[in-house]
file query.pdb (PDB, C-alpha atoms)
ATOM      1  CA  MET X   1     -40.976  19.152  29.028  1.00  0.00           C
ATOM      2  CA  VAL X   2     -37.682  20.924  29.766  1.00  0.00           C
ATOM      3  CA  ALA X   3     -36.822  21.090  26.067  1.00  0.00           C
ATOM      4  CA  HIS X   4     -40.203  22.730  25.393  1.00  0.00           C
ATOM      5  CA  ASN X   5     -39.576  25.383  28.083  1.00  0.00           C
ATOM      6  CA  GLN X   6     -36.082  26.106  26.752  1.00  0.00           C
ATOM      7  CA  ARG X   7     -37.447  26.448  23.232  1.00  0.00           C
ATOM      8  CA  ALA X   8     -40.219  28.741  24.475  1.00  0.00           C
ATOM      9  CA  MET X   9     -37.713  31.132  26.076  1.00  0.00           C
ATOM     10  CA  ASN X  10     -35.326  31.237  23.113  1.00  0.00           C
ATOM     11  CA  PRO X  11     -34.869  34.933  22.228  1.00  0.00           C
ATOM     12  CA  LEU X  12     -34.355  34.020  18.562  1.00  0.00           C
ATOM     13  CA  ARG X  13     -37.768  32.342  18.373  1.00  0.00           C
ATOM     14  CA  PRO X  14     -40.484  34.441  16.749  1.00  0.00           C
ATOM     15  CA  GLY X  15     -42.921  36.176  19.070  1.00  0.00           C
ATOM     16  CA  PRO X  16     -45.780  34.427  20.810  1.00  0.00           C
ATOM     17  CA  LYS X  17     -48.503  32.766  18.807  1.00  0.00           C
ATOM     18  CA  LEU X  18     -51.923  34.324  18.889  1.00  0.00           C
ATOM     19  CA  THR X  19     -53.257  31.158  20.522  1.00  0.00           C
ATOM     20  CA  ASP X  20     -50.785  31.594  23.435  1.00  0.00           C
ATOM     21  CA  PHE X  21     -52.199  34.945  24.541  1.00  0.00           C
ATOM     22  CA  PRO X  22     -55.335  33.834  26.442  1.00  0.00           C
ATOM     23  CA  GLY X  23     -53.304  31.596  28.776  1.00  0.00           C
ATOM     24  CA  LEU X  24     -50.554  34.172  29.163  1.00  0.00           C
ATOM     25  CA  ILE X  25     -53.041  36.927  29.949  1.00  0.00           C
ATOM     26  CA  ARG X  26     -54.746  34.730  32.557  1.00  0.00           C
ATOM     27  CA  SER X  27     -51.362  34.032  34.175  1.00  0.00           C
ATOM     28  CA  THR X  28     -50.206  37.673  34.274  1.00  0.00           C
ATOM     29  CA  PRO X  29     -52.160  38.622  37.461  1.00  0.00           C
ATOM     30  CA  ASP X  30     -50.763  35.510  39.195  1.00  0.00           C
ATOM     31  CA  MET X  31     -47.240  36.600  38.279  1.00  0.00           C
ATOM     32  CA  PHE X  32     -47.796  40.066  39.752  1.00  0.00           C
ATOM     33  CA  ARG X  33     -49.384  38.591  42.899  1.00  0.00           C
ATOM     34  CA  ASP X  34     -46.347  36.365  43.415  1.00  0.00           C
ATOM     35  CA  LEU X  35     -44.040  39.315  42.706  1.00  0.00           C
ATOM     36  CA  LEU X  36     -45.771  41.487  45.297  1.00  0.00           C
ATOM     37  CA  ALA X  37     -45.841  38.639  47.824  1.00  0.00           C
ATOM     38  CA  ARG X  38     -42.087  38.169  47.168  1.00  0.00           C
ATOM     39  CA  ARG X  39     -42.507  34.500  46.242  1.00  0.00           C
ATOM     40  CA  TYR X  40     -41.277  35.197  42.708  1.00  0.00           C
ATOM     41  CA  ARG X  41     -38.229  37.434  42.730  1.00  0.00           C
ATOM     42  CA  GLN X  42     -37.390  37.932  39.056  1.00  0.00           C
ATOM     43  CA  TRP X  43     -38.858  41.396  38.539  1.00  0.00           C
ATOM     44  CA  PRO X  44     -39.432  42.060  34.837  1.00  0.00           C
ATOM     45  CA  ALA X  45     -38.038  45.583  35.206  1.00  0.00           C
ATOM     46  CA  GLY X  46     -37.353  46.052  31.497  1.00  0.00           C
ATOM     47  CA  THR X  47     -40.852  44.983  30.540  1.00  0.00           C
ATOM     48  CA  LEU X  48     -42.441  47.187  33.197  1.00  0.00           C
ATOM     49  CA  ALA X  49     -40.358  50.197  32.140  1.00  0.00           C
ATOM     50  CA  GLY X  50     -41.096  49.466  28.478  1.00  0.00           C
ATOM     51  CA  GLY X  51     -44.803  49.171  29.221  1.00  0.00           C
ATOM     52  CA  PHE X  52     -44.797  52.487  31.045  1.00  0.00           C
ATOM     53  CA  LEU X  53     -42.851  54.231  28.273  1.00  0.00           C
ATOM     54  CA  GLY X  54     -45.054  52.590  25.642  1.00  0.00           C
ATOM     55  CA  PHE X  55     -48.159  53.833  27.432  1.00  0.00           C
ATOM     56  CA  LEU X  56     -46.711  57.353  27.501  1.00  0.00           C
ATOM     57  CA  TYR X  57     -45.985  57.067  23.780  1.00  0.00           C
ATOM     58  CA  LEU X  58     -49.537  55.927  23.047  1.00  0.00           C
ATOM     59  CA  ILE X  59     -51.120  58.868  24.888  1.00  0.00           C
ATOM     60  CA  ASN X  60     -48.621  61.396  23.520  1.00  0.00           C
ATOM     61  CA  PRO X  61     -50.142  63.454  20.691  1.00  0.00           C
ATOM     62  CA  LEU X  62     -46.817  63.417  18.777  1.00  0.00           C
ATOM     63  CA  ASP X  63     -46.426  60.199  16.777  1.00  0.00           C
ATOM     64  CA  LEU X  64     -44.023  58.834  14.210  1.00  0.00           C
ATOM     65  CA  THR X  65     -47.035  58.390  11.940  1.00  0.00           C
ATOM     66  CA  PRO X  66     -49.971  60.696  12.746  1.00  0.00           C
ATOM     67  CA  GLU X  67     -53.385  59.080  13.194  1.00  0.00           C
ATOM     68  CA  ALA X  68     -54.744  61.503  10.601  1.00  0.00           C
ATOM     69  CA  LEU X  69     -53.119  59.418   7.846  1.00  0.00           C
ATOM     70  CA  PRO X  70     -55.800  56.895   6.892  1.00  0.00           C
ATOM     71  CA  GLY X  71     -54.783  53.286   7.272  1.00  0.00           C
ATOM     72  CA  ILE X  72     -51.180  53.810   8.351  1.00  0.00           C
ATOM     73  CA  GLY X  73     -51.671  56.195  11.265  1.00  0.00           C
ATOM     74  CA  VAL X  74     -52.024  53.446  13.847  1.00  0.00           C
ATOM     75  CA  ILE X  75     -49.125  51.294  12.645  1.00  0.00           C
ATOM     76  CA  ASP X  76     -46.610  52.728  15.120  1.00  0.00           C
ATOM     77  CA  ASP X  77     -49.088  52.328  17.988  1.00  0.00           C
ATOM     78  CA  ALA X  78     -49.778  48.711  17.015  1.00  0.00           C
ATOM     79  CA  LEU X  79     -46.035  48.087  16.772  1.00  0.00           C
ATOM     80  CA  MET X  80     -45.488  49.458  20.288  1.00  0.00           C
ATOM     81  CA  LEU X  81     -48.287  47.265  21.644  1.00  0.00           C
ATOM     82  CA  GLY X  82     -46.897  44.210  19.847  1.00  0.00           C
ATOM     83  CA  VAL X  83     -43.397  44.729  21.239  1.00  0.00           C
ATOM     84  CA  PHE X  84     -44.770  45.162  24.767  1.00  0.00           C
ATOM     85  CA  LEU X  85     -46.905  42.019  24.485  1.00  0.00           C
ATOM     86  CA  ALA X  86     -43.922  40.028  23.184  1.00  0.00           C
ATOM     87  CA  PHE X  87     -41.796  41.110  26.182  1.00  0.00           C
ATOM     88  CA  LEU X  88     -44.639  40.489  28.619  1.00  0.00           C
ATOM     89  CA  SER X  89     -45.271  37.023  27.191  1.00  0.00           C
ATOM     90  CA  ARG X  90     -41.556  36.218  27.546  1.00  0.00           C
ATOM     91  CA  ASP X  91     -41.660  37.192  31.220  1.00  0.00           C
ATOM     92  CA  VAL X  92     -44.906  35.320  31.891  1.00  0.00           C
ATOM     93  CA  LYS X  93     -43.425  32.193  30.263  1.00  0.00           C
ATOM     94  CA  LYS X  94     -40.406  32.475  32.568  1.00  0.00           C
ATOM     95  CA  TYR X  95     -42.786  32.839  35.504  1.00  0.00           C
ATOM     96  CA  LEU X  96     -44.807  29.788  34.466  1.00  0.00           C
ATOM     97  CA  SER X  97     -41.608  27.764  34.148  1.00  0.00           C
ATOM     98  CA  TRP X  98     -40.568  28.890  37.649  1.00  0.00           C
ATOM     99  CA  LYS X  99     -44.019  28.065  39.021  1.00  0.00           C
ATOM    100  CA  GLN X 100     -43.992  24.591  37.485  1.00  0.00           C
ATOM    101  CA  THR X 101     -40.518  23.907  38.906  1.00  0.00           C
ATOM    102  CA  ARG X 102     -41.646  25.131  42.324  1.00  0.00           C
ATOM    103  CA  GLU X 103     -44.753  22.939  42.306  1.00  0.00           C
ATOM    104  CA  THR X 104     -42.704  19.931  41.190  1.00  0.00           C
ATOM    105  CA  GLN X 105     -40.270  20.482  44.069  1.00  0.00           C
ATOM    106  CA  LYS X 106     -43.161  20.632  46.531  1.00  0.00           C
ATOM    107  CA  GLU X 107     -44.431  17.281  45.306  1.00  0.00           C
ATOM    108  CA  LEU X 108     -41.079  15.493  45.763  1.00  0.00           C
ATOM    109  CA  PRO X 109     -40.801  13.572  49.036  1.00  0.00           C
ATOM    110  CA  ARG X 110     -38.134  14.918  51.346  1.00  0.00           C
ATOM    111  CA  SER X 111     -35.586  12.535  52.774  1.00  0.00           C
TER
END
call {"tool": "encode", "arguments": {"input": "query.pdb", "output": "structure tokens"}}
result
Amino acid sequence: MVAHNQRAMNPLRPGPKLTDFPGLIRSTPDMFRDLLARRYRQWPAGTLAGGFLGFLYLINPLDLTPEALPGIGVIDDALMLGVFLAFLSRDVKKYLSWKQTRETQKELPRS
């Protein structure tokens, strides 16, 4: 299981699979609850800042490729969303690994 988690967090690995997203999206609110309750202390500051800046880019009327161009106008917006989701999935995977380790430690008998 450890080898799987290390492989999942490898920055050279391609982005998340489409089939990974439902589980990652379901786990995202849990990650933020644990962050706010200070149980999980690895704030994904880069992802949060990137998400905020990406949101500002999406609502900004100035684009690299204007939406008026048929077919290619939304490419830059889709790229921004894809990058944000890749970073978010990386952080949620780290959180899930932390959560699994924490639950395993709780189950071990103390001497």
call {"tool": "residues_near_point", "arguments": {"input": "query.pdb", "point": "(-36.9, 37.6, 41.8)", "cutoff": "12 Å", "atoms": "all atoms listed in the file", "output": "list of chain:residue names"}}
result
X:Met31, X:Phe32, X:Asp34, X:Leu35, X:Leu36, X:Ala37, X:Arg38, X:Arg39, X:Tyr40, X:Arg41, X:Gln42, X:Trp43, X:Pro44, X:Ala45, X:Asp91, X:Lys94, X:Tyr95, X:Trp98
call {"tool": "residues_around", "arguments": {"input": "query.pdb", "residues": "X:Ile25", "least_positions_apart": "3", "cutoff": "10 Å", "atoms": "only C-alpha atoms", "output": "number ranges by chain"}}
result
X: 20-22, 28-30, 85, 88-89, 92
call {"tool": "write_last_selection", "arguments": {"input": "query.pdb", "atoms": "C-alpha atoms", "output": "PDB file, keeping the file's coordinate frame"}}
result
ATOM      1  CA  ASP X  20     -50.785  31.594  23.435  1.00  0.00           C
ATOM      2  CA  PHE X  21     -52.199  34.945  24.541  1.00  0.00           C
ATOM      3  CA  PRO X  22     -55.335  33.834  26.442  1.00  0.00           C
ATOM      4  CA  THR X  28     -50.206  37.673  34.274  1.00  0.00           C
ATOM      5  CA  PRO X  29     -52.160  38.622  37.461  1.00  0.00           C
ATOM      6  CA  ASP X  30     -50.763  35.510  39.195  1.00  0.00           C
ATOM      7  CA  LEU X  85     -46.905  42.019  24.485  1.00  0.00           C
ATOM      8  CA  LEU X  88     -44.639  40.489  28.619  1.00  0.00           C
ATOM      9  CA  SER X  89     -45.271  37.023  27.191  1.00  0.00           C
ATOM     10  CA  VAL X  92     -44.906  35.320  31.891  1.00  0.00           C
TER      11      VAL X  92
END
call {"tool": "atom_distance", "arguments": {"input": "query.pdb", "atom1": "atom CA of X:Leu81", "atom2": "atom CA of X:Leu56"}}
result
11.8 Å
call {"tool": "resolve_selection", "arguments": {"input": "query.pdb", "expression": "the PyMOL selection byres ((chain X and resi 61-64) around 10)", "output": "NGL selection string"}}
result
:X and (56-60 or 65-67 or 73-77)
call {"tool": "atom_distance", "arguments": {"input": "query.pdb", "atom1": "atom CA of X:Arg102", "atom2": "atom CA of X:Lys17"}}
result
25.7 Å
call {"tool": "axis_aligned_box", "arguments": {"input": "query.pdb", "around": "stretch 64-78 of chain X", "padding_each_side": "3 Å", "output": "AutoDock Vina command-line options"}}
result
--center_x -49.9 --center_y 55.1 --center_z 12.4 --size_x 17.8 --size_y 18.8 --size_z 17.1
call {"tool": "build_atoms", "arguments": {"input": "query.pdb", "residues": "stretch 89-105 of chain X", "atoms": "N, CA and C atoms", "output": "tab-separated table (two decimals), in the coordinates of the input"}}
result
chain	number	residue	atom	x	y	z
X	89	SER	N	-45.08	38.47	27.33
X	89	SER	CA	-45.27	37.02	27.19
X	89	SER	C	-43.99	36.28	27.54
X	90	ARG	N	-42.83	36.84	27.18
X	90	ARG	CA	-41.56	36.22	27.55
X	90	ARG	C	-41.43	36.12	29.06
X	91	ASP	N	-41.77	37.19	29.77
X	91	ASP	CA	-41.66	37.19	31.22
X	91	ASP	C	-42.68	36.27	31.87
X	92	VAL	N	-43.89	36.21	31.33
X	92	VAL	CA	-44.91	35.32	31.89
X	92	VAL	C	-44.51	33.86	31.66
X	93	LYS	N	-43.90	33.56	30.52
X	93	LYS	CA	-43.42	32.19	30.26
X	93	LYS	C	-42.33	31.81	31.26
X	94	LYS	N	-41.43	32.74	31.55
X	94	LYS	CA	-40.41	32.48	32.57
X	94	LYS	C	-41.05	32.22	33.92
X	95	TYR	N	-42.07	33.01	34.25
X	95	TYR	CA	-42.79	32.84	35.50
X	95	TYR	C	-43.46	31.47	35.56
X	96	LEU	N	-44.12	31.08	34.49
X	96	LEU	CA	-44.81	29.79	34.47
X	96	LEU	C	-43.82	28.64	34.60
X	97	SER	N	-42.65	28.78	34.00
X	97	SER	CA	-41.61	27.76	34.15
X	97	SER	C	-41.15	27.69	35.61
X	98	TRP	N	-40.95	28.85	36.24
X	98	TRP	CA	-40.57	28.89	37.65
X	98	TRP	C	-41.66	28.26	38.52
X	99	LYS	N	-42.90	28.58	38.24
X	99	LYS	CA	-44.02	28.06	39.02
X	99	LYS	C	-44.12	26.55	38.90
X	100	GLN	N	-43.93	26.04	37.69
X	100	GLN	CA	-43.99	24.59	37.48
X	100	GLN	C	-42.85	23.90	38.23
X	101	THR	N	-41.66	24.48	38.18
X	101	THR	CA	-40.52	23.91	38.91
X	101	THR	C	-40.79	23.92	40.40
X	102	ARG	N	-41.34	25.00	40.89
X	102	ARG	CA	-41.65	25.13	42.32
X	102	ARG	C	-42.68	24.10	42.77
X	103	GLU	N	-43.72	23.92	41.96
X	103	GLU	CA	-44.75	22.94	42.31
X	103	GLU	C	-44.21	21.52	42.24
X	104	THR	N	-43.31	21.25	41.29
X	104	THR	CA	-42.70	19.93	41.19
X	104	THR	C	-41.84	19.65	42.41
X	105	GLN	N	-41.11	20.65	42.88
X	105	GLN	CA	-40.27	20.48	44.07
X	105	GLN	C	-41.10	20.24	45.32
